[in-house]
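Shown next: final.txt, given as compact mmCIF, C-alpha atoms.
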# COMPACT_ATOMS: atom_id res chain seq x y z
CA MET A 939 2.52 -15.33 1.54
CA ILE A 940 -1.08 -14.35 2.16
CA VAL A 941 -1.82 -11.47 -0.18
CA ALA A 942 -4.28 -8.66 0.36
CA GLU A 943 -5.05 -5.26 -1.12
CA TRP A 944 -6.63 -2.13 0.31
CA LYS A 945 -10.36 -1.87 0.11
CA PRO A 946 -11.61 1.13 -1.86
CA LEU A 947 -11.12 4.11 0.47
CA PRO A 948 -14.78 5.28 0.24
CA GLU A 949 -15.82 1.86 1.58
CA ILE A 950 -13.61 2.29 4.68
CA ILE A 951 -14.71 5.89 5.14
CA GLU A 952 -18.38 4.87 5.02
CA LYS A 953 -17.79 2.37 7.84
CA LEU A 954 -16.04 4.93 10.03
CA ARG A 955 -18.86 7.50 10.01
CA GLY A 956 -20.02 8.06 13.56
CA HIS A 957 -16.80 6.84 15.17
CA LYS A 958 -14.47 9.25 16.97
CA ASN A 959 -11.42 7.26 18.08
CA VAL A 960 -10.15 4.59 15.76
CA LEU A 961 -7.28 2.16 16.04
CA LEU A 962 -5.64 1.23 12.73
CA VAL A 963 -3.77 -2.06 13.05
CA GLY A 964 -1.33 -3.64 10.64
CA CYS A 965 0.60 -6.88 10.57
CA ALA A 966 4.34 -7.08 9.92
CA THR A 967 4.22 -10.49 8.28
CA CYS A 968 2.55 -11.52 4.99
CA VAL A 969 0.60 -8.33 4.30
CA ALA A 970 3.72 -6.28 4.94
CA GLU A 971 5.53 -8.31 2.26
CA CYS A 972 2.77 -7.60 -0.23
CA ALA A 973 2.73 -3.89 0.71
CA ALA A 974 -0.88 -3.88 1.85
CA GLY A 975 -0.87 -4.02 5.63
CA GLY A 976 2.57 -3.49 7.13
CA GLU A 977 3.80 -0.57 9.18
CA ARG A 978 4.46 1.50 6.07
CA GLU A 979 0.91 1.02 4.84
CA VAL A 980 -0.54 1.72 8.29
CA GLU A 981 1.34 5.02 8.42
CA THR A 982 0.17 5.85 4.90
CA LEU A 983 -3.48 4.99 5.43
CA ALA A 984 -3.78 6.79 8.79
CA PRO A 985 -3.23 10.35 7.50
CA LEU A 986 -5.39 9.60 4.45
CA LEU A 987 -8.31 8.51 6.63
CA THR A 988 -7.75 11.45 8.98
CA MET A 989 -8.01 13.88 6.05
CA ALA A 990 -10.91 12.07 4.43
CA MET A 991 -12.96 11.96 7.62
CA LYS A 992 -12.33 15.66 8.33
CA ALA A 993 -13.48 16.48 4.80
CA ASP A 994 -16.50 14.27 5.43
CA ASP A 995 -17.35 16.40 8.50
CA ASN A 996 -16.70 13.39 10.73
CA PRO A 997 -13.31 14.17 12.25
CA ILE A 998 -11.66 11.20 13.95
CA GLN A 999 -8.55 10.54 15.96
CA ILE A 1000 -6.52 7.62 14.66
CA GLN A 1001 -4.01 5.62 16.66
CA THR A 1002 -1.74 3.24 14.81
CA LYS A 1003 -0.14 -0.04 15.75
CA THR A 1004 1.55 -2.76 13.74
CA LEU A 1005 1.70 -6.20 15.31
CA GLU A 1006 4.43 -8.66 14.45
CA ARG A 1007 1.83 -11.33 13.63
CA GLN A 1008 -1.84 -10.51 13.88
CA CYS A 1009 -2.77 -14.20 13.61
CA GLU A 1010 -1.12 -15.18 16.89
CA TRP A 1011 -2.89 -14.59 20.21
CA GLU A 1012 0.30 -13.52 21.98
CA PHE A 1013 0.68 -10.56 19.63
CA VAL A 1014 -3.05 -9.72 19.52
CA GLU A 1015 -2.84 -9.40 23.31
CA GLN A 1016 -0.63 -6.33 22.84
CA LEU A 1017 -3.76 -4.36 21.92
CA ALA A 1018 -5.39 -4.93 25.31
CA ASP A 1019 -4.27 -1.55 26.69
CA ILE A 1020 -5.23 0.38 23.57
CA ILE A 1021 -8.62 -1.12 22.72
CA PRO A 1022 -10.49 0.40 25.71
CA ASN A 1023 -9.55 3.88 24.46
CA VAL A 1024 -11.03 3.53 20.97
CA ASP A 1025 -14.51 2.93 19.60
CA ALA A 1026 -13.56 1.06 16.44
CA VAL A 1027 -10.69 -0.89 14.91
CA VAL A 1028 -9.66 -1.00 11.28
CA SER A 1029 -7.35 -3.90 10.56
CA ILE A 1030 -5.31 -4.18 7.40
CA ALA A 1031 -4.03 -7.65 8.20
CA CYS A 1032 -5.35 -10.67 6.31
CA GLY A 1033 -8.79 -12.05 7.17
CA ILE A 1034 -7.22 -14.28 9.82
CA GLY A 1035 -5.73 -11.34 11.69
CA ILE A 1036 -8.93 -9.33 11.43
CA GLN A 1037 -10.92 -12.22 12.91
CA ALA A 1038 -8.36 -12.74 15.67
CA ILE A 1039 -8.91 -9.16 16.89
CA ALA A 1040 -12.69 -9.50 16.58
CA GLU A 1041 -12.57 -12.73 18.58
CA ARG A 1042 -10.22 -11.49 21.32
CA TYR A 1043 -12.11 -8.19 21.75
CA PRO A 1044 -15.74 -9.19 21.07
CA TYR A 1045 -17.22 -5.90 22.32
CA MET A 1046 -15.28 -3.86 19.74
CA ARG A 1047 -16.35 -3.00 16.19
CA VAL A 1048 -13.67 -4.35 13.88
CA TYR A 1049 -13.65 -3.38 10.22
CA PRO A 1050 -11.51 -4.84 7.45
CA GLY A 1051 -9.37 -2.31 5.62
CA VAL A 1052 -8.25 -4.87 3.05
CA ASN A 1053 -9.61 -7.64 0.88
CA THR A 1054 -7.58 -10.82 1.29
CA THR A 1055 -7.16 -12.23 -2.18
CA SER A 1056 -4.73 -15.12 -2.52
CA LEU A 1057 -1.65 -17.08 -1.57
CA ALA A 1058 0.95 -15.60 -3.81
CA ILE A 1059 4.60 -14.97 -4.52
CA ARG A 1060 6.31 -11.71 -5.40
CA GLU A 1061 7.00 -12.39 -9.06
CA GLN A 1062 8.78 -9.08 -9.60
CA PRO A 1063 8.98 -5.92 -7.51
CA GLY A 1064 5.41 -4.64 -7.39
CA ILE A 1065 3.87 -7.76 -8.97
CA TRP A 1066 2.36 -10.63 -6.96
CA MET A 1067 0.91 -13.74 -8.56
CA SER A 1068 -1.14 -16.58 -7.08
CA ARG A 1069 0.80 -19.76 -6.47
CA CYS A 1070 -1.39 -21.82 -4.13
CA ALA A 1071 -5.13 -22.27 -3.69
CA ALA A 1072 -4.87 -24.22 -0.40
CA CYS A 1073 -6.90 -26.97 -2.09
CA GLY A 1074 -5.95 -29.57 0.52
CA ASP A 1075 -4.66 -32.27 -1.86
CA CYS A 1076 -1.38 -31.08 -3.36
CA ILE A 1077 -0.54 -32.37 -6.83
CA LEU A 1078 2.66 -30.37 -7.41
CA GLY A 1079 4.60 -33.64 -7.53
CA GLU A 1080 2.65 -34.65 -10.63
CA THR A 1081 2.66 -31.28 -12.37
CA PHE A 1082 6.39 -30.56 -12.23
CA GLY A 1083 6.11 -28.07 -9.39
CA LEU A 1084 3.58 -25.82 -11.11
CA CYS A 1085 0.07 -25.55 -9.65
CA PRO A 1086 -2.78 -25.71 -12.17
CA ILE A 1087 -5.36 -25.21 -9.43
CA ALA A 1088 -4.09 -21.76 -8.48
CA ARG A 1089 -2.51 -20.70 -11.74
CA CYS A 1090 -4.98 -21.94 -14.37
CA ALA A 1091 -8.04 -19.70 -14.69
CA LYS A 1092 -10.14 -22.87 -15.01
CA SER A 1093 -8.13 -24.93 -12.48
CA LEU A 1094 -7.84 -27.63 -15.12
CA LEU A 1095 -6.23 -30.91 -14.10
CA ASN A 1096 -5.63 -31.82 -17.74
CA GLY A 1097 -4.62 -28.84 -19.80
CA PRO A 1098 -4.07 -26.72 -21.65
CA CYS A 1099 -7.52 -25.65 -22.72
CA GLY A 1100 -8.19 -24.43 -26.24
CA GLY A 1101 -7.89 -20.80 -25.24
CA THR A 1102 -4.15 -20.44 -24.78
CA ARG A 1103 -2.91 -17.47 -26.78
CA LYS A 1104 -0.28 -17.91 -29.47
CA ASN A 1105 2.26 -16.21 -27.22
CA GLY A 1106 1.60 -18.75 -24.47
CA LYS A 1107 -0.47 -16.45 -22.31
CA CYS A 1108 -3.83 -17.24 -20.71
CA GLU A 1109 -6.98 -16.25 -22.58
CA VAL A 1110 -8.37 -14.79 -19.37
CA ASP A 1111 -5.33 -12.69 -18.49
CA GLU A 1112 -2.94 -11.61 -21.21
CA ASN A 1113 -0.25 -10.98 -18.58
CA ALA A 1114 -0.44 -14.46 -17.06
CA ASP A 1115 1.41 -17.44 -18.48
CA CYS A 1116 -0.70 -20.47 -19.37
CA VAL A 1117 0.45 -22.74 -16.58
CA TRP A 1118 -0.25 -25.85 -18.62
CA ARG A 1119 2.10 -24.59 -21.31
CA LEU A 1120 4.73 -24.18 -18.58
CA ILE A 1121 4.02 -27.67 -17.24
CA ILE A 1122 4.38 -29.25 -20.65
CA GLU A 1123 7.54 -27.30 -21.45
CA LYS A 1124 9.08 -28.41 -18.17
CA ALA A 1125 8.06 -32.03 -18.75
CA GLU A 1126 9.56 -31.89 -22.24
CA SER A 1127 12.80 -30.35 -21.02
CA ARG A 1128 13.19 -33.25 -18.60
CA GLY A 1129 12.24 -35.81 -21.21
CA GLU A 1130 9.29 -36.85 -19.08
CA LEU A 1131 6.35 -35.81 -21.24
CA ASN A 1132 4.95 -39.31 -20.94
CA LYS A 1133 4.44 -38.74 -17.22
CA LEU A 1134 1.58 -36.43 -18.08
CA LEU A 1135 -0.18 -39.27 -19.89
CA GLU A 1136 -0.33 -41.42 -16.78
CA ILE A 1137 -3.76 -41.99 -15.28
CA ARG A 1138 -3.81 -40.15 -11.97
CA LYS A 1139 -5.81 -40.81 -8.86
CA THR A 1140 -8.99 -38.72 -8.66
CA LYS A 1141 -8.26 -35.51 -6.83
CA ASP A 1142 -9.73 -35.42 -3.34
CA TRP A 1143 -11.63 -32.18 -3.06
CA SER A 1144 -13.10 -33.12 0.33
CA ASN A 1145 -10.05 -31.59 2.02
CA SER A 1146 -10.55 -28.26 0.21
CA ARG A 1147 -12.92 -25.42 1.04
CA HIS A 1148 -15.77 -27.52 -0.33
CA GLY A 1149 -15.41 -29.85 2.63
CA GLY A 1150 -16.28 -27.17 5.18
CA PRO A 1151 -13.97 -25.33 7.60
CA LYS A 1152 -10.63 -27.08 8.07
CA ARG A 1153 -9.66 -28.24 11.53
CA ILE A 1154 -6.31 -29.80 12.22
CA VAL A 1155 -5.75 -31.52 15.54
CA ARG A 1156 -2.32 -32.54 16.82
CA GLU A 1157 -2.77 -34.26 20.17
CA ASP A 1158 1.00 -34.15 20.78
CA LEU A 1159 0.89 -30.35 20.79
CA ARG A 1160 -2.20 -29.94 22.93
CA PRO A 1161 -1.90 -29.08 26.62
CA MET B 1120 -16.04 31.98 6.10
CA ASP B 1121 -16.51 31.32 2.37
CA LEU B 1122 -13.71 30.20 0.08
CA ASP B 1123 -13.21 33.65 -1.50
CA SER B 1124 -12.63 35.35 1.84
CA LYS B 1125 -10.38 32.49 2.94
CA ILE B 1126 -8.31 32.87 -0.22
CA GLY B 1127 -8.22 36.64 0.28
CA ASN B 1128 -6.13 36.27 3.44
CA PHE B 1129 -4.45 33.12 2.31
CA LYS B 1130 -0.69 32.83 2.70
CA PRO B 1131 0.22 29.24 1.80
CA GLU B 1132 2.52 27.27 4.05
CA ILE B 1133 4.69 25.01 1.94
CA VAL B 1134 7.02 22.24 3.06
CA VAL B 1135 9.92 21.64 0.68
CA LEU B 1136 11.68 18.29 0.91
CA TYR B 1137 14.82 18.61 -1.18
CA CYS B 1138 17.75 16.38 -2.02
CA LYS B 1139 20.98 17.98 -0.80
CA ASN B 1140 22.66 17.03 -4.07
CA CYS B 1141 20.35 19.35 -6.03
CA LEU B 1142 21.95 22.41 -4.52
CA ALA B 1143 24.95 24.20 -5.99
CA LYS B 1144 28.08 23.77 -3.90
CA ASP B 1145 28.32 27.53 -3.43
CA SER B 1146 24.65 27.94 -2.54
CA GLY B 1147 25.70 28.76 1.03
CA PRO B 1148 23.88 27.77 4.18
CA VAL B 1149 20.20 27.09 3.67
CA GLY B 1150 17.91 28.13 6.51
CA ASN B 1151 14.94 26.15 7.72
CA MET B 1152 12.29 28.77 7.12
CA VAL B 1153 11.61 31.27 4.37
CA SER B 1154 8.76 33.72 4.53
CA ASN B 1155 7.60 36.61 2.41
CA SER B 1156 4.33 38.41 1.86
CA LYS B 1157 2.98 35.70 -0.45
CA PHE B 1158 3.93 32.42 1.20
CA SER B 1159 6.10 30.74 3.78
CA ALA B 1160 8.21 27.66 3.23
CA ARG B 1161 9.87 25.19 5.54
CA LEU B 1162 12.95 23.74 3.86
CA VAL B 1163 13.91 20.20 4.80
CA MET B 1164 17.11 18.73 3.42
CA LEU B 1165 17.30 15.03 2.59
CA PRO B 1166 20.32 12.89 1.70
CA CYS B 1167 18.34 11.74 -1.37
CA SER B 1168 14.79 12.34 -2.59
CA SER B 1169 14.28 8.55 -2.38
CA LYS B 1170 14.10 8.92 1.41
CA VAL B 1171 10.62 10.37 0.94
CA GLU B 1172 7.81 7.89 1.58
CA ALA B 1173 4.14 8.39 0.70
CA SER B 1174 3.40 8.31 4.43
CA HIS B 1175 5.73 11.27 5.05
CA VAL B 1176 4.08 13.64 2.60
CA LEU B 1177 0.56 12.56 3.59
CA LYS B 1178 1.35 13.15 7.28
CA ILE B 1179 2.67 16.62 6.47
CA LEU B 1180 -0.60 17.42 4.68
CA ALA B 1181 -2.67 15.83 7.47
CA GLN B 1182 -0.88 18.12 9.92
CA GLY B 1183 -2.01 21.19 8.01
CA ALA B 1184 0.64 22.19 5.47
CA ASP B 1185 -1.00 23.74 2.43
CA GLY B 1186 1.40 22.13 0.01
CA VAL B 1187 4.39 19.81 -0.21
CA GLU B 1188 7.09 20.21 -2.82
CA VAL B 1189 9.65 17.45 -3.31
CA VAL B 1190 12.82 18.38 -5.19
CA GLY B 1191 15.05 15.69 -6.65
CA CYS B 1192 17.99 15.52 -9.03
CA PRO B 1193 17.54 15.35 -12.81
CA GLU B 1194 16.70 12.01 -14.35
CA LYS B 1195 19.65 9.59 -14.46
CA GLN B 1196 21.75 11.88 -12.28
CA CYS B 1197 20.85 10.39 -8.91
CA ARG B 1198 23.91 9.48 -6.84
CA PHE B 1199 21.99 6.41 -5.73
CA LEU B 1200 21.21 5.56 -9.38
CA VAL B 1201 17.41 5.30 -9.23
CA GLY B 1202 16.56 7.13 -6.02
CA ASN B 1203 14.91 10.09 -7.71
CA THR B 1204 12.91 7.79 -10.01
CA ARG B 1205 11.59 5.93 -6.99
CA ALA B 1206 10.74 9.21 -5.31
CA GLU B 1207 8.82 10.34 -8.37
CA LYS B 1208 6.79 7.11 -8.41
CA ARG B 1209 6.00 7.43 -4.72
CA ILE B 1210 4.90 11.03 -5.09
CA GLU B 1211 2.64 10.06 -7.98
CA TYR B 1212 1.24 7.20 -5.85
CA ALA B 1213 0.56 9.63 -3.00
CA ARG B 1214 -1.09 12.07 -5.42
CA GLN B 1215 -3.38 9.28 -6.66
CA LEU B 1216 -4.29 8.43 -3.06
CA LEU B 1217 -5.17 12.08 -2.43
CA GLY B 1218 -7.38 11.97 -5.50
CA LYS B 1219 -9.22 8.94 -4.13
CA ILE B 1220 -10.28 10.91 -1.05
CA ASN B 1221 -11.17 13.97 -3.16
CA PHE B 1222 -8.24 15.92 -1.77
CA ASP B 1223 -6.69 18.27 -4.29
CA MET B 1224 -3.70 16.50 -5.84
CA ASP B 1225 -1.98 19.79 -6.66
CA ARG B 1226 -1.10 20.23 -3.00
CA LEU B 1227 1.68 17.74 -3.68
CA GLY B 1228 4.23 17.67 -6.45
CA MET B 1229 7.80 16.95 -7.43
CA ASP B 1230 10.28 18.90 -9.48
CA ARG B 1231 13.84 18.25 -10.50
CA GLY B 1232 16.81 20.54 -10.47
CA GLU B 1233 20.59 20.66 -10.37
CA ASN B 1234 23.06 23.21 -9.08
CA LEU B 1235 20.16 25.10 -7.59
CA SER B 1236 20.80 28.34 -5.81
CA LEU B 1237 18.81 29.10 -2.70
CA SER B 1238 16.63 31.53 -4.64
CA GLN B 1239 15.91 28.84 -7.25
CA LEU B 1240 14.92 26.43 -4.49
CA ILE B 1241 12.60 29.07 -3.06
CA SER B 1242 11.11 29.67 -6.49
CA LEU B 1243 10.11 25.97 -6.56
CA ALA B 1244 8.37 26.53 -3.21
CA GLU B 1245 6.64 29.54 -4.76
CA LYS B 1246 5.55 27.40 -7.71
CA ARG B 1247 3.81 25.03 -5.29
CA ALA B 1248 2.39 28.01 -3.38
CA ASN B 1249 0.91 29.37 -6.60
CA ALA B 1250 -0.56 25.94 -7.38
CA VAL B 1251 -2.38 25.81 -4.04
CA MET B 1252 -3.35 29.49 -4.01
CA ASN B 1253 -6.55 28.87 -5.95
CA ILE B 1254 -7.39 25.75 -3.96
CA GLY B 1255 -7.46 27.60 -0.67
CA PRO B 1256 -6.18 26.70 2.78
CA ASN B 1257 -5.79 23.08 3.79
CA LEU B 1258 -8.89 22.07 5.75
CA MET B 1259 -6.59 20.23 8.18
CA LYS B 1260 -5.07 23.49 9.33
CA GLY B 1261 -5.62 24.47 12.95
Before we go any further, please render this structure as C-alpha cells.
Amino acid sequence: MIVAEWKPLPEIIEKLRGHKNVLLVGCATCVAECAAGGEREVETLAPLLTMAMKADDNPIQIQTKTLERQCEWEFVEQLADIIPNVDAVVSIACGIGIQAIAERYPYMRVYPGVNTTSLAIREQPGIWMSRCAACGDCILGETFGLCPIARCAKSLLNGPCGGTRKNGKCEVDENADCVWRLIIEKAESRGELNKLLEIRKTKDWSNSRHGGPKRIVREDLRP
Amino acid sequence: MDLDSKIGNFKPEIVVLYCKNCLAKDSGPVGNMVSNSKFSARLVMLPCSSKVEASHVLKILAQGADGVEVVGCPEKQCRFLVGNTRAEKRIEYARQLLGKINFDMDRLGMDRGENLSLSQLISLAEKRANAVMNIGPNLMKG
C-alpha cells in the first residue's frame, strides 16, 4: 500500500490561517490501511484542527468527507457539490489523491495534511515497513523475493555491506533487518547460494524516477 | 473576562464514558446526568471501554465539554480480553494529540474500576472536574 503519515499539526494550522470554511478529505484505500488518511483519521483530525484554530484566534468550520479512492476521477467528482461552499481543502490522501483534487478543482486551495512516505506492508499491527521503491526494473526474481532497493538503506545490489550489526540488523536502523542477510539466509535454505554469484544484467534505472515522470500508454484501453 | 474571574464562576461539565461491566450489579439504574454545586457530569454507558475512539473524545472536547473521563475495567479483567488496554492506548494517543495543539491534556483521562457504585462512578467524574478546575473553561464552549 501507499503509506503516509500526518504532517506536524502546526504546519497544517499555519496553512489554514485566514481560511473560514475548510473541507477535510480522506481516502478509504491505502492511507486508511496505514491509519493516516481514512475516515477514522479524518474524524480525529477535524476536531483537533477545529480546537487548534479556535485557540489560534482563527476559528474555522470544517466539513469532512472520505472518498473511496481519491486517485480516481469518478470518486473525486463526488466533491463537486461541496467544493463551492469551502475556501480551502486539506487532503490526507496520498500525494496522488491530493493532486487529483487540485487538478479537478483548479480554483481551490488544496493543502496536504500528510507526507507520503513509501510503498509498504503492515509488518505488525502499528508497524509499517517499506517493501517497494517503484524502481521500474524489478529484480525480486533474482533476490529471492526480498527487495534490496527498498529495504537496504544503501539500495545495494550486492550486499551485505560491512555495517550489518552482529544481530543481523541494519547499521542505519537497529529495528530493521539487514535485507541482504535475509536474502543470503533464504538462498542458503534453498541450497541456491551460488545463484547470488551469477553475473546479472546491469539494472536499468532509466525506468525509475531518474528517467523523469512515468507515462504508461495502453492503446487497447484508450477511447 | 480574565482567567481568574472565569474560574470563579466555573462549574466544569464532564462527560463520563464508562464500561457497563465496571459497575456493581446492584448499583441500580444509572441516570444520564448528574449535577451538584461543583460540577455536572453526563454519564454515557458503553458495552466496553474499547468502543471509545480518539475521534469520539476529541469531538466531545471540540463541542465544549470541559473534560472527558473514560472508565474501564481493571487490567486483565476485560471481558473482551484486551479491550480496556486498547482503550487506554487510544486515550493516551488522544492526550498526546491534544498536547501537540497546546490543548491541556488533563481535560482527558482514563481510570479503571470494578464493582463501582454510582457514587464511586460520580467520584471519578469529580476527579476529572478537579483536574480541569485550575485549567478553566474549555475555550470551545458556547
Using only C-alpha atoms, which protein or nucleic acid residues come within 6 Å of stretch 996-1000 of chain A? Drop anything in the same chain fewer than 2 positions from it, and give the result as a PDB file with C-alpha atoms, in the coordinates of the input.
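Done, and the output landed in result14.pdb:
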ATOM      1  CA  LYS A 958     -14.470   9.250  16.970  1.00  0.00           C
ATOM      2  CA  ASN A 959     -11.420   7.260  18.080  1.00  0.00           C
ATOM      3  CA  VAL A 960     -10.150   4.590  15.760  1.00  0.00           C
ATOM      4  CA  LEU A 961      -7.280   2.160  16.040  1.00  0.00           C
ATOM      5  CA  MET A 991     -12.960  11.960   7.620  1.00  0.00           C
ATOM      6  CA  LYS A 992     -12.330  15.660   8.330  1.00  0.00           C
ATOM      7  CA  ASP A 994     -16.500  14.270   5.430  1.00  0.00           C
TER       8      ASP A 994
END
- prompt: For chain A against chain B, which residues fall within 6 Å using all atoms listed in the file, given as a PyMOL selection string?
  reply: chain A and resi 981-982+985+989-990
- request: Extract, using all atoms listed in the file, all DNA, RNA and protein residues at most 12 Å from B:Ser1238, discarding same-chain residues fewer than 4 positions from it, and format them as a ChimeraX atom specification.
  value: /B:1142-1143,1146-1147,1149-1150,1153,1234,1242-1245
message: Between atom CA of B:Ser1154 and atom CA of B:Glu1207, what distance in Å does the model show, to one decimal?
response: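 It comes out at 26.7 Å.
The nearest approach to B:Asn1253 among the residues B:Arg1161, B:Lys1144, B:Lys1130, B:Lys1208, with only C-alpha atoms taken into account, belongs to B:Lys1130.
For B:Arg1226, the non-local neighbours within 8 Å, defined as residues at least 3 positions apart in the same chain or in other chains and counting only C-alpha atoms, are Asp1185, Gly1186, Val1187, Asp1223, Arg1247, Ala1250 and Val1251 of chain B.
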Residues within 9 Å of stretch 1141-1156 of chain A, please, as a short mmCIF file (atom, residue, chain, number, x, y, z; two decimals) with C-alpha atoms, keeping the file's coordinate frame. Count all atoms listed in the file; anything in the same chain fewer than 2 positions from it doesn't count.
data_model
loop_
_atom_site.label_atom_id
_atom_site.label_comp_id
_atom_site.auth_asym_id
_atom_site.auth_seq_id
_atom_site.Cartn_x
_atom_site.Cartn_y
_atom_site.Cartn_z
CA ALA A 1071 -5.13 -22.27 -3.69
CA ALA A 1072 -4.87 -24.22 -0.40
CA CYS A 1073 -6.90 -26.97 -2.09
CA GLY A 1074 -5.95 -29.57 0.52
CA ASP A 1075 -4.66 -32.27 -1.86
CA CYS A 1076 -1.38 -31.08 -3.36
CA ILE A 1077 -0.54 -32.37 -6.83
CA LEU A 1095 -6.23 -30.91 -14.10
CA ARG A 1138 -3.81 -40.15 -11.97
CA LYS A 1139 -5.81 -40.81 -8.86
CA ASP A 1158 1.00 -34.15 20.78
CA LEU A 1159 0.89 -30.35 20.79
CA ARG A 1160 -2.20 -29.94 22.93
#
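One distance worth recording is that between atom CA of B:Cys1141 and atom CA of B:Leu1240, which is 9.1 Å.
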Shell around stretch 1116-1133 of chain A at 12 Å using only C-alpha atoms, local window under 2 positions removed, as a short mmCIF file (atom, residue, chain, number, x, y, z; two decimals) with C-alpha atoms, in the coordinates of the input:
data_model
loop_
_atom_site.label_atom_id
_atom_site.label_comp_id
_atom_site.auth_asym_id
_atom_site.auth_seq_id
_atom_site.Cartn_x
_atom_site.Cartn_y
_atom_site.Cartn_z
CA SER A 1068 -1.14 -16.58 -7.08
CA ARG A 1069 0.80 -19.76 -6.47
CA LEU A 1078 2.66 -30.37 -7.41
CA GLY A 1079 4.60 -33.64 -7.53
CA GLU A 1080 2.65 -34.65 -10.63
CA THR A 1081 2.66 -31.28 -12.37
CA PHE A 1082 6.39 -30.56 -12.23
CA GLY A 1083 6.11 -28.07 -9.39
CA LEU A 1084 3.58 -25.82 -11.11
CA CYS A 1085 0.07 -25.55 -9.65
CA PRO A 1086 -2.78 -25.71 -12.17
CA ILE A 1087 -5.36 -25.21 -9.43
CA ALA A 1088 -4.09 -21.76 -8.48
CA ARG A 1089 -2.51 -20.70 -11.74
CA CYS A 1090 -4.98 -21.94 -14.37
CA ALA A 1091 -8.04 -19.70 -14.69
CA LYS A 1092 -10.14 -22.87 -15.01
CA SER A 1093 -8.13 -24.93 -12.48
CA LEU A 1094 -7.84 -27.63 -15.12
CA LEU A 1095 -6.23 -30.91 -14.10
CA ASN A 1096 -5.63 -31.82 -17.74
CA GLY A 1097 -4.62 -28.84 -19.80
CA PRO A 1098 -4.07 -26.72 -21.65
CA CYS A 1099 -7.52 -25.65 -22.72
CA GLY A 1100 -8.19 -24.43 -26.24
CA GLY A 1101 -7.89 -20.80 -25.24
CA THR A 1102 -4.15 -20.44 -24.78
CA ARG A 1103 -2.91 -17.47 -26.78
CA LYS A 1104 -0.28 -17.91 -29.47
CA ASN A 1105 2.26 -16.21 -27.22
CA GLY A 1106 1.60 -18.75 -24.47
CA LYS A 1107 -0.47 -16.45 -22.31
CA CYS A 1108 -3.83 -17.24 -20.71
CA GLU A 1109 -6.98 -16.25 -22.58
CA VAL A 1110 -8.37 -14.79 -19.37
CA ASP A 1111 -5.33 -12.69 -18.49
CA GLU A 1112 -2.94 -11.61 -21.21
CA ASN A 1113 -0.25 -10.98 -18.58
CA ALA A 1114 -0.44 -14.46 -17.06
CA LEU A 1135 -0.18 -39.27 -19.89
CA GLU A 1136 -0.33 -41.42 -16.78
CA ILE A 1137 -3.76 -41.99 -15.28
CA ARG A 1138 -3.81 -40.15 -11.97
#
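The space between atom CA of B:Val1163 and atom CA of B:Gly1232 spans 15.5 Å.
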Box for stretch 1243-1255 of chain B: with edges along x, y and z, all listed atoms inside and 3 Å added on each side, what are the centre and edge lengths in Å to one decimal, as lines of an AutoDock Vina configuration file?
center_x = 1.3
center_y = 27.3
center_z = -4.2
size_x = 23.6
size_y = 10.5
size_z = 13.0
- prompt: Nearest to A:Gly1033 among A:Pro1063, A:Pro946, A:Pro1161, A:Gly964, with distances taken over all atoms listed in the file: which residue is it?
  reply: A:Gly964
- prompt: For A:Pro1022, which residue out of A:Ala1038, A:Trp944, A:Glu1061, A:Pro1044 is the nearest one, using all atoms listed in the file?
  reply: A:Pro1044
query: Hey, which of A:Glu952, A:Pro1050, A:Ser1056, A:Glu1015 ends up closest to A:Gly975? Count all atoms listed in the file.
result: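 Of all the options, A:Pro1050 lies closest to A:Gly975.
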